[in-house]
Amino acid sequence: MTLIDGKAISEQVKQEIAAEVAEIVAKGGKRPHLAAILVGHDGGSETYVANKVKACEVCGFKSTLIRYEADVTEEELLAKVRELNQDDDVDGFIVQLPLPKHISEQKVIETIDYRKDVDGFHPINVGRMAIGLPCYVSATPNGILELLKRYQIETQGKKCVVLGRSNIVGKPMAMLMMQKAYPGDATVTVCHSRSKNLVEECREADIIIAALGQPNFVKADMVKEGAVVIDVGTTRVPDATRKSGFKLTGDVKFDEVAPKCSFITPVPGGVGPMTIVSLMKNTLLAGKKAIYG
Ligand SMILES: Nc1nc(=O)c2c([nH]1)NC[C@@H]1CN(c3ccc(C(=O)N[C@@H](CCC(=O)O)C(=O)O)cc3)C=[N+]21
């Protein structure tokens with residue numbers, strides 16, 4: 001069994017990005033600039049945004065954090081999005097999800113200029129990804145592809161089961177795993193809360209990508225000997241024995257599943273750090289105007 005070290009790979013990729021930024025700056029170019037909008041005080045979002053700001057520093061990016069209280073109006077938020085769209089100093093920006101219920105996430109996403117949508121959530125980027133055109137690919141699936149590549153995990157012709165059908169992870173992940181290139185060329189099945197044969201599908205899978213957001217959902221008896229298991233879950237489960245008061249818990253029952261795997265990602269230290277690094281990669285592309293000019 002090989003433990004996929006997302007943390008180590010993410011540090012390596014950040015150093016690669018930092019070297020490229022240093023080169024750009026040495027040639028008189030501008031540092032890439034990422035802005036992030038954070039609404040409210042959700043514990044998870046706070047951590048992720050803090051991690052993004054730290055990663056920007058390591059990569060040599062400029063970063064701006066814009067905060068609103070949870071009672072901000074949709075119109076106020078949309079006005080800020082339009083302002084960032086127009087701001088030539090900002091190369092890319094994200095609006096951290098989830099948003100309070102009175103704000104339409106879809107409306108916010110569609111208001112973001114797709115040329116600055118480094119999360120890859122805008123319908124233009126999603127659509128271009130689906131048909132294999134250059135675009136900003138959403139960060140979590142792209143981070144997983146990077147891990148598959150760096151560990152030279154075979155995907156061509158393999159049976160890949162994606163658990164979960166969210167717009168941010170499950171759906172794009174399935175499309176990328178079936179794309180006509182490595183890492184892809186897999187036979188992809190998507191299972192979700194309404195699937196009747198989920199367990200049977202998993203048992204036949206060469207690669208399982210678990211993105212349901214249900215802690216410890218994938219058990220040993222659902223996994224084939226020698227399978228590759230990628231755990232996207234990061235649920236904060238209350239844990240009184242910890243200082244933070246919670247334990248970051250994946251969708252895979254790691255202790256019992258790991259011995260059966262050829263490769264597995266841990267939580268934390270697996271997919272999470274790669275998500276951040278993929279956002280950094282998209283921001284570098286934005287700074288270089290590499291995709292949309
Ligand atoms: N607009 C938007 N874009 C996102 O990309 C986005 C979002 N909203 N909302 C929430 C999800 C979740 N997400 C994570 C990012 C980093 C870690 C991460 O760094 N995890 C570390 C540990 C984090 C910790 O210490 O709690 C790890 O797994 O090792 C996890 C999850 C991005 N998301």
# chains A, B, ... in the order shown; residues from 1 in each chain; ligands from 1
>>> residues_around(residues="segment 207-219 of chain A", least_positions_apart="4", cutoff="9 Å", atoms="only C-alpha atoms", output="ChimeraX atom specification")
/A:155,158-166,169-170,173,192-193,199,202,223,227-237,249-254,256-257
>>> write_last_selection(atoms="C-alpha atoms", output="mmCIF file, in the first residue's frame")
data_model
loop_
_atom_site.group_PDB
_atom_site.id
_atom_site.type_symbol
_atom_site.label_atom_id
_atom_site.label_comp_id
_atom_site.auth_asym_id
_atom_site.auth_seq_id
_atom_site.Cartn_x
_atom_site.Cartn_y
_atom_site.Cartn_z
ATOM 1 C CA THR A 155 -6.262 5.179 -15.360
ATOM 2 C CA LYS A 158 -9.789 1.278 -15.648
ATOM 3 C CA LYS A 159 -13.153 1.138 -13.942
ATOM 4 C CA CYS A 160 -13.522 4.340 -11.937
ATOM 5 C CA VAL A 161 -16.428 4.866 -9.549
ATOM 6 C CA VAL A 162 -17.132 8.444 -8.469
ATOM 7 C CA LEU A 163 -19.269 8.689 -5.324
ATOM 8 C CA GLY A 164 -21.184 11.975 -5.299
ATOM 9 C CA ARG A 165 -22.583 14.216 -8.051
ATOM 10 C CA SER A 166 -21.905 17.748 -6.816
ATOM 11 C CA VAL A 169 -16.429 17.720 -7.326
ATOM 12 C CA GLY A 170 -18.430 14.664 -8.451
ATOM 13 C CA MET A 173 -14.379 14.608 -11.650
ATOM 14 C CA HIS A 192 -25.056 8.962 -5.439
ATOM 15 C CA SER A 193 -27.662 8.923 -2.677
ATOM 16 C CA VAL A 199 -21.882 -1.126 -3.010
ATOM 17 C CA CYS A 202 -17.607 0.025 -5.662
ATOM 18 C CA VAL A 223 -13.262 -2.098 -1.822
ATOM 19 C CA ALA A 227 -7.900 -0.638 -5.623
ATOM 20 C CA VAL A 228 -6.896 3.040 -5.674
ATOM 21 C CA VAL A 229 -8.959 5.060 -3.177
ATOM 22 C CA ILE A 230 -9.152 8.867 -3.278
ATOM 23 C CA ASP A 231 -10.905 10.464 -0.298
ATOM 24 C CA VAL A 232 -12.365 13.920 -0.931
ATOM 25 C CA GLY A 233 -14.367 14.138 2.312
ATOM 26 C CA THR A 234 -13.454 16.785 4.897
ATOM 27 C CA THR A 235 -16.295 16.741 7.421
ATOM 28 C CA ARG A 236 -15.615 18.300 10.805
ATOM 29 C CA VAL A 237 -16.805 15.640 13.236
ATOM 30 C CA THR A 249 -12.956 13.093 8.843
ATOM 31 C CA GLY A 250 -12.904 11.675 5.338
ATOM 32 C CA ASP A 251 -15.553 9.679 3.459
ATOM 33 C CA VAL A 252 -13.407 6.531 3.770
ATOM 34 C CA LYS A 253 -12.975 4.358 6.862
ATOM 35 C CA PHE A 254 -9.230 4.684 6.440
ATOM 36 C CA GLU A 256 -9.833 -0.799 7.549
ATOM 37 C CA VAL A 257 -9.725 0.239 3.870
#
>>> residues_near_ligand(ligand="ligand 1", cutoff="6 Å", atoms="only C-alpha atoms and all ligand atoms", output="ChimeraX atom specification")
/A:45,47-48,94-97,119,139,267-273,275-276
>>> write_last_selection(atoms="C-alpha atoms", output="PDB file, in the first residue's frame")
ATOM      1  CA  SER A  45     -14.403  28.168   5.310  1.00  0.00           C
ATOM      2  CA  THR A  47      -9.584  27.510   7.701  1.00  0.00           C
ATOM      3  CA  TYR A  48      -9.614  27.031   3.940  1.00  0.00           C
ATOM      4  CA  ILE A  94     -13.199  33.300  -5.665  1.00  0.00           C
ATOM      5  CA  VAL A  95     -16.309  33.560  -3.541  1.00  0.00           C
ATOM      6  CA  GLN A  96     -16.016  30.966  -0.808  1.00  0.00           C
ATOM      7  CA  LEU A  97     -19.008  28.602  -0.690  1.00  0.00           C
ATOM      8  CA  ASP A 119     -12.481  28.270  -9.080  1.00  0.00           C
ATOM      9  CA  ALA A 139      -9.611  22.930  -8.048  1.00  0.00           C
ATOM     10  CA  VAL A 267      -7.482  12.991   5.469  1.00  0.00           C
ATOM     11  CA  PRO A 268      -6.034  15.422   6.300  1.00  0.00           C
ATOM     12  CA  GLY A 269      -2.938  15.625   4.108  1.00  0.00           C
ATOM     13  CA  GLY A 270      -4.402  14.162   0.910  1.00  0.00           C
ATOM     14  CA  VAL A 271      -6.767  15.939  -1.450  1.00  0.00           C
ATOM     15  CA  GLY A 272      -7.256  19.109   0.696  1.00  0.00           C
ATOM     16  CA  PRO A 273      -3.766  20.592   0.212  1.00  0.00           C
ATOM     17  CA  THR A 275      -7.198  21.725  -3.816  1.00  0.00           C
ATOM     18  CA  ILE A 276      -5.390  24.816  -2.573  1.00  0.00           C
TER      19      ILE A 276
END
>>> select_by_dssp(residues="segment 56-282 of chain A", states="helix (DSSP H, G or I)", output="MDAnalysis selection string")
chainID A and resid 56:59 74:86 105:111 114:116 123:130 139:150 170:177 198:203 220:222 254:260 271:282
>>> residues_around(residues="Gly127 of chain A", least_positions_apart="6", cutoff="12 Å", atoms="only C-alpha atoms", output="list in words")
Tyr114, Gly120, Phe121, Leu133, Pro134, Cys135, Tyr136, Val137, Ser138, Asn167, Lys171, Pro172 and Met175 of chain A
>>> atom_distance(atom1="atom CA of Ile37 of chain A", atom2="atom CA of Ile66 of chain A")
4.7 Å
>>> select_by_dssp(residues="segment 11-252 of chain A", states="strand (DSSP E or B)", output="PyMOL selection string")
chain A and resi 33-39+62-68+92-95+117+159-163+187-191+207-210+218+227-231+235-238+246-249+252
>>> closest_residue(among="A:Glu11, A:Glu110, A:Glu74, A:Asp88", to="Pro32 of chain A", atoms="only C-alpha atoms")
A:Asp88
>>> atom_distance(atom1="atom CA of Tyr292 of chain A", atom2="atom CA of Gln86 of chain A")
15.5 Å
>>> residues_around(residues="Gln15 of chain A", least_positions_apart="2", cutoff="12 Å", atoms="only C-alpha atoms", output="PDB file with N, CA and C atoms, in the first residue's frame")
ATOM      1  N   ALA A   8       2.979  16.704   0.836  1.00  0.00           N
ATOM      2  CA  ALA A   8       4.330  16.821   0.271  1.00  0.00           C
ATOM      3  C   ALA A   8       4.276  17.284  -1.188  1.00  0.00           C
ATOM      4  N   ILE A   9       3.379  16.692  -1.969  1.00  0.00           N
ATOM      5  CA  ILE A   9       3.256  17.088  -3.380  1.00  0.00           C
ATOM      6  C   ILE A   9       2.851  18.563  -3.468  1.00  0.00           C
ATOM      7  N   SER A  10       1.937  18.969  -2.584  1.00  0.00           N
ATOM      8  CA  SER A  10       1.470  20.360  -2.644  1.00  0.00           C
ATOM      9  C   SER A  10       2.617  21.331  -2.350  1.00  0.00           C
ATOM     10  N   GLU A  11       3.499  20.951  -1.415  1.00  0.00           N
ATOM     11  CA  GLU A  11       4.652  21.817  -1.115  1.00  0.00           C
ATOM     12  C   GLU A  11       5.570  21.922  -2.332  1.00  0.00           C
ATOM     13  N   GLN A  12       5.752  20.776  -2.982  1.00  0.00           N
ATOM     14  CA  GLN A  12       6.592  20.726  -4.185  1.00  0.00           C
ATOM     15  C   GLN A  12       6.014  21.621  -5.289  1.00  0.00           C
ATOM     16  N   VAL A  13       4.711  21.507  -5.532  1.00  0.00           N
ATOM     17  CA  VAL A  13       4.078  22.304  -6.595  1.00  0.00           C
ATOM     18  C   VAL A  13       4.153  23.792  -6.261  1.00  0.00           C
ATOM     19  N   ILE A  17       5.685  26.797  -8.519  1.00  0.00           N
ATOM     20  CA  ILE A  17       4.959  28.031  -8.850  1.00  0.00           C
ATOM     21  C   ILE A  17       5.789  29.246  -8.419  1.00  0.00           C
ATOM     22  N   ALA A  18       6.349  29.183  -7.196  1.00  0.00           N
ATOM     23  CA  ALA A  18       7.134  30.305  -6.673  1.00  0.00           C
ATOM     24  C   ALA A  18       8.324  30.609  -7.589  1.00  0.00           C
ATOM     25  N   ALA A  19       8.948  29.544  -8.109  1.00  0.00           N
ATOM     26  CA  ALA A  19      10.103  29.732  -9.016  1.00  0.00           C
ATOM     27  C   ALA A  19       9.657  30.453 -10.288  1.00  0.00           C
ATOM     28  N   GLU A  20       8.482  30.063 -10.796  1.00  0.00           N
ATOM     29  CA  GLU A  20       7.989  30.699 -12.018  1.00  0.00           C
ATOM     30  C   GLU A  20       7.610  32.165 -11.766  1.00  0.00           C
ATOM     31  N   VAL A  21       7.027  32.428 -10.610  1.00  0.00           N
ATOM     32  CA  VAL A  21       6.660  33.814 -10.268  1.00  0.00           C
ATOM     33  C   VAL A  21       7.929  34.664 -10.143  1.00  0.00           C
ATOM     34  N   ALA A  22       8.964  34.104  -9.514  1.00  0.00           N
ATOM     35  CA  ALA A  22      10.225  34.836  -9.360  1.00  0.00           C
ATOM     36  C   ALA A  22      10.782  35.222 -10.735  1.00  0.00           C
ATOM     37  N   ALA A  55      -0.880  30.094   1.261  1.00  0.00           N
ATOM     38  CA  ALA A  55      -0.334  29.526   0.023  1.00  0.00           C
ATOM     39  C   ALA A  55       0.060  30.631  -0.951  1.00  0.00           C
ATOM     40  N   CYS A  56      -0.729  31.705  -0.990  1.00  0.00           N
ATOM     41  CA  CYS A  56      -0.399  32.841  -1.860  1.00  0.00           C
ATOM     42  C   CYS A  56       0.962  33.420  -1.486  1.00  0.00           C
ATOM     43  N   GLU A  57       1.210  33.536  -0.185  1.00  0.00           N
ATOM     44  CA  GLU A  57       2.505  34.059   0.278  1.00  0.00           C
ATOM     45  C   GLU A  57       3.639  33.177  -0.216  1.00  0.00           C
ATOM     46  N   VAL A  58       3.484  31.862  -0.024  1.00  0.00           N
ATOM     47  CA  VAL A  58       4.542  30.925  -0.426  1.00  0.00           C
ATOM     48  C   VAL A  58       4.793  31.020  -1.927  1.00  0.00           C
ATOM     49  N   CYS A  59       3.733  31.204  -2.711  1.00  0.00           N
ATOM     50  CA  CYS A  59       3.859  31.248  -4.173  1.00  0.00           C
ATOM     51  C   CYS A  59       4.335  32.608  -4.684  1.00  0.00           C
ATOM     52  N   GLY A  60       4.370  33.600  -3.799  1.00  0.00           N
ATOM     53  CA  GLY A  60       4.775  34.931  -4.228  1.00  0.00           C
ATOM     54  C   GLY A  60       3.651  35.713  -4.883  1.00  0.00           C
ATOM     55  N   VAL A 277      -3.504  24.088  -3.904  1.00  0.00           N
ATOM     56  CA  VAL A 277      -2.431  24.263  -4.882  1.00  0.00           C
ATOM     57  C   VAL A 277      -3.003  24.400  -6.308  1.00  0.00           C
ATOM     58  N   MET A 280      -3.939  27.822  -6.800  1.00  0.00           N
ATOM     59  CA  MET A 280      -2.738  28.626  -7.055  1.00  0.00           C
ATOM     60  C   MET A 280      -2.328  28.495  -8.528  1.00  0.00           C
ATOM     61  N   LYS A 281      -2.420  27.284  -9.057  1.00  0.00           N
ATOM     62  CA  LYS A 281      -2.067  27.067 -10.471  1.00  0.00           C
ATOM     63  C   LYS A 281      -2.987  27.860 -11.387  1.00  0.00           C
TER      64      LYS A 281
END
>>> atom_distance(atom1="atom CA of Gln152 of chain A", atom2="atom CA of Ala130 of chain A")
23.6 Å
>>> residues_around(residues="Ala36 of chain A", least_positions_apart="3", cutoff="12 Å", atoms="only C-alpha atoms", output="PDB file with C-alpha atoms, in the first residue's frame")
ATOM      1  CA  HIS A  33      -3.131  38.609  -7.605  1.00  0.00           C
ATOM      2  CA  VAL A  39     -19.136  35.669   3.887  1.00  0.00           C
ATOM      3  CA  SER A  45     -14.403  28.168   5.310  1.00  0.00           C
ATOM      4  CA  GLU A  46     -12.259  30.216   7.699  1.00  0.00           C
ATOM      5  CA  TYR A  48      -9.614  27.031   3.940  1.00  0.00           C
ATOM      6  CA  VAL A  49      -9.430  30.741   3.239  1.00  0.00           C
ATOM      7  CA  ALA A  50      -6.608  31.147   5.771  1.00  0.00           C
ATOM      8  CA  ASN A  51      -4.776  28.286   4.012  1.00  0.00           C
ATOM      9  CA  LYS A  52      -5.281  29.997   0.654  1.00  0.00           C
ATOM     10  CA  VAL A  53      -3.829  33.274   1.947  1.00  0.00           C
ATOM     11  CA  CYS A  56      -0.399  32.841  -1.860  1.00  0.00           C
ATOM     12  CA  LYS A  62      -0.519  39.164  -3.968  1.00  0.00           C
ATOM     13  CA  SER A  63      -3.690  38.240  -2.078  1.00  0.00           C
ATOM     14  CA  THR A  64      -6.689  40.208  -0.890  1.00  0.00           C
ATOM     15  CA  LEU A  65      -9.284  38.908   1.540  1.00  0.00           C
ATOM     16  CA  ILE A  66     -12.689  40.600   1.482  1.00  0.00           C
ATOM     17  CA  ARG A  67     -15.007  39.785   4.385  1.00  0.00           C
ATOM     18  CA  TYR A  68     -18.721  40.279   4.869  1.00  0.00           C
ATOM     19  CA  LYS A  80     -18.364  43.633  -5.106  1.00  0.00           C
ATOM     20  CA  VAL A  81     -18.148  40.837  -7.658  1.00  0.00           C
ATOM     21  CA  LEU A  84     -13.540  42.805  -8.911  1.00  0.00           C
ATOM     22  CA  VAL A  90      -7.007  41.456  -9.712  1.00  0.00           C
ATOM     23  CA  ASP A  91      -6.169  38.479 -11.944  1.00  0.00           C
ATOM     24  CA  GLY A  92      -8.575  36.007 -10.397  1.00  0.00           C
ATOM     25  CA  PHE A  93     -10.988  35.740  -7.491  1.00  0.00           C
ATOM     26  CA  ILE A  94     -13.199  33.300  -5.665  1.00  0.00           C
ATOM     27  CA  VAL A  95     -16.309  33.560  -3.541  1.00  0.00           C
ATOM     28  CA  GLN A  96     -16.016  30.966  -0.808  1.00  0.00           C
ATOM     29  CA  LEU A  97     -19.008  28.602  -0.690  1.00  0.00           C
ATOM     30  CA  LYS A 116     -11.273  35.616 -13.597  1.00  0.00           C
ATOM     31  CA  ASP A 117     -13.145  32.517 -12.358  1.00  0.00           C
ATOM     32  CA  VAL A 118     -10.137  30.642 -10.959  1.00  0.00           C
ATOM     33  CA  ASP A 119     -12.481  28.270  -9.080  1.00  0.00           C
ATOM     34  CA  LEU A 279      -6.276  27.202  -7.109  1.00  0.00           C
ATOM     35  CA  THR A 283      -4.241  31.982 -10.431  1.00  0.00           C
TER      36      THR A 283
END
>>> closest_residue(among="A:Asp185, A:Glu146, A:Glu225, A:Asp89", to="Gly287 of chain A", atoms="only C-alpha atoms")
A:Asp89
